[in-house]
Amino acid sequence: MKILLRFTPEIIQEPHIAEVILETGAKLNIDRASIDAVSGEVVIDVPDEKCDKVIKLFRSRGVVVSVLEHPIVLDEDECVQCGACISVCHIKALSFKEDWSITLDERRCNQCGACITACPHRALEFS
Amino acid sequence: MIIVTPRPQWTLPGSMPRLDSSSDFHLHQSNGRYLGITVSYKYYIKLLLCIMFERSIDEINQKIKDGSVHVVTAEQMTEIVDELGPKDAAREVDVVTTGTFGAMCSSGAFLNFGHSDPPIKMQRVWLNDVEAYAGLAAADAYIGATQLSESRGMEYGGGHVIEDLVAHKSIHLRAIAYGTDCYPRKNIETTITIDDLNQAIMMNPRNAYQRYNVATNSSDRTLYTYMGTLLPNCGNATYCGAGALSPLYNDPDFGTIGIGTKIFLCGTTGYITGEGTQHDPQNDFATLMVLGNLKEMSREFLRGATFYRYGTTLYVGLGIPVPILNENIAKKTGISDADIVTNVLDYASPRRTRPTLRKVSYEELKSGVIELDGKEVRTSPLSSFFMARKVASTLKHWIERGEFTISQPIEKLPTDTVFRPMKQIKETPLVKDVMSRKVTTIKKGKSIEDAAKLIMKGQFTHLPVISEDDRLIGIITAWDISKAVAQAKYDKLDRTMTRRVITATLDEPIDVTARKLEKYNISALPVIDKNRKVIGMITSDDISKLIAKRRGFTPRKSKISWAQKPKGFCPIETPKEEGGSREP
């Protein structure tokens, strides 16, 4: 499951991720991170079975956690099923179905945003 | 012996008499009409195989009228021909419908607004801030798909205006004029919808490319092109076209397609008005010029679009019915994705002729992955197969329901046109004509102080950093040094320098170099050879001097030093985006 962590300036200096890994033994994978001196946003991939524990722990440390259930929204009215988004998606969250329509695997998406600019029809948006 | 009475749809091929190797074959004719053939059973079979099957457009239209017509899509026809062979497929199928749905930049619409009171002879006109060409009669204009909004830029353009017209949305109209005795008005502002227009006629000079090149990018940076986002190091490949559904691949000899052919265009009936621009049938790059009533079109089959950092376009849905008049046409419509081969071009080269990396079939492209230099590269179509199928199946239903008949073309499309490059009377200057060959470099491992001294001594602002074996590994500017000093980081050169250096090559046209300077907001580039050895420097100063010379005036000495160049300041005329040899 993909989880978005937001770190406020007060807690940005603490090694939260490392401590959560040590405490839960969960193999967290950092998909995307943007951190500067005062704040940070990190998308992590958490094994489903340890998800509740990991979320609880981050929240107890003051990290703002949101589960990326719908990381990206596909506007069916705008989409013409062309596929311009498919080859720029390096984690293969976007692909064709049998009938050549587009399908989005929300569990894979890490909100990198490459598909959003690649879509000629502005059919993809961050949720 | 049996007597065979020929049917009107049979024509007897000229080679028939050669069958007459024995006496058990005899043709009965009177006044040039075949009345019958007397043959042996053995020859009866041979004869059936020999007789060419022919069907006329009138016969097909009769079948459309009485509801007995057999229509299949080009994809279905591929399977039918594969299974039955072209001879039986021709007997089986009356019409094959094709379809494509993709970005077609050479598209637009003629609009007539009617006259205002007092009347205005529109000199320039804008629709939702997108300029339409008004160099026509007073109240006529042509809105082109790629024209950009003057307020919203690439986000909105002519293609979107056309889509909004078709969606019956309100469009803001603004026009100016110089005023005449008969047209005194000098400006007007109003709101219109497509229903307020006298005519709205889509007229596209180049649509339905038979096939298109595949784009990839071997450079180390992402490119934003009319072929979409091309990831660095051949990270992906993009392609267009409908493969086996491609209208022009199903009748490549224009046996049935020609001027006046009735087609499916954006959800309504359209017509082929002639060959498209850049029509190049000998290289399988045939194109069409088409026309249709915008007022009858549907947003489902027409969409404005933006290719990020390239510009706007229009997605057009176009389908052509191919009447199966004979076995030969049936054979052509049997074409499969595997039969259609195209070139993979490297868009890292901004030149007219881009290097071809390999040939590839649409079958491979549609598999989602192609191999380039031993590496698996993911592919993306930019045109929609889903919608191309919808075009072909919609047209099929129209014909089956008797709503669409087949037309006889008035004239054939040319098969011998060639696509020539632009005639240029002035040679494009190359980097080697302009660059300075005297270049100072610094070896890695030196200090910031060493670099500052060299820069002061040489009175330049950019200092390439080279490795022990003289290869370019970075660049340091006067600005980088100032920054390092201001932050009190008197570090080694290697940590302050920029490592991903933008470079130029000797034979690069300076327009390409100017584009790099503008794109990356920099003022100088090291010129390197194939071993990454620095052989010169080219600066925006060199280029602006040359442009000034070309325009015939001497530039004033710039007061702004290039190293202090404010962000966004660019004295160079905006270089035109270098298009490929075939714009979509």
# chains A, B, ... in the order shown; residues from 1 in each chain; ligands from 1
$ residues_around --residues "range 184-201 of chain B" --least-positions-apart "3" --cutoff "7 Å" --atoms "only C-alpha atoms" --output "JSON, numbers by chain"
{"B": [109, 110, 111, 112, 113, 114, 118, 119, 120, 165, 166, 168, 169, 170, 171, 172, 173, 174, 175, 176, 177, 178, 179, 180, 181, 291, 292, 293, 294, 295]}
$ closest_atom_pairs --of "chain B" --to "chain A" --cutoff "7 Å" --atoms "only C-alpha atoms" --output "tab-separated table"
residue	atom	partner	partner_atom	distance
B:Gly228	CA	A:Ala118	CA	6.4
B:Thr229	CA	A:Ala118	CA	5.8
B:Asn236	CA	A:Ser87	CA	5.7
B:Ala305	CA	A:Pro120	CA	5.0
B:Thr306	CA	A:Pro120	CA	4.7
B:Phe307	CA	A:Pro120	CA	5.2
B:Tyr308	CA	A:Thr117	CA	6.0
B:Arg378	CA	A:Ser87	CA	5.3
B:Thr379	CA	A:Ser87	CA	5.4
B:Ser380	CA	A:Ser87	CA	5.1
B:Pro381	CA	A:Gly83	CA	5.5
B:Leu382	CA	A:Ala84	CA	5.0
B:Ser383	CA	A:Cys82	CA	5.0
B:Ser384	CA	A:Cys82	CA	3.8
B:Phe385	CA	A:Trp100	CA	6.2
B:Phe386	CA	A:Trp100	CA	5.1
B:Met387	CA	A:Val80	CA	6.9
$ atom_distance --atom1 "CA of Phe285 in chain B" --atom2 "CA of Ala237 in chain B"
19.7 Å
$ closest_residue --among "B:Tyr212, B:Gln408, B:Thr312, B:Glu54" --to "Asp88 in chain B" --atoms "only C-alpha atoms"
B:Glu54
$ residues_around --residues "range 108-112 of chain A" --least-positions-apart "6" --cutoff "9 Å" --atoms "only C-alpha atoms" --output "list in words"
Met1, Lys2, Ile3, Asp31, Arg32, Val43, Ile44, Asp45, Leu68, His70, Pro71, Ile72, Cys89, Ile91, Lys92, Ala93, Leu94 and Phe126 of chain A
$ select_by_dssp --residues "range 2-121 of chain A" --states "helix (DSSP H, G or I)" --output "list of chain:residue names"
A:His16, A:Ile17, A:Ala18, A:Glu19, A:Val20, A:Ile21, A:Leu22, A:Glu23, A:Thr24, A:Asp48, A:Glu49, A:Lys50, A:Cys51, A:Asp52, A:Lys53, A:Val54, A:Ile55, A:Lys56, A:Leu57, A:Phe58, A:Arg59, A:Ser60, A:Ala114, A:Cys115, A:Ile116, A:Thr117, A:Ala118
$ atom_distance --atom1 "CA of Gln282 in chain B" --atom2 "CA of Asp416 in chain B"
6.6 Å
$ select_by_dssp --residues "range 299-547 of chain B" --states "strand (DSSP E)" --output "number ranges by chain"
B: 302-307, 311-319, 321-323, 341-346, 356-361, 369-372, 375-381, 411-412, 442-443, 462-466, 472-477, 524-528, 534-539
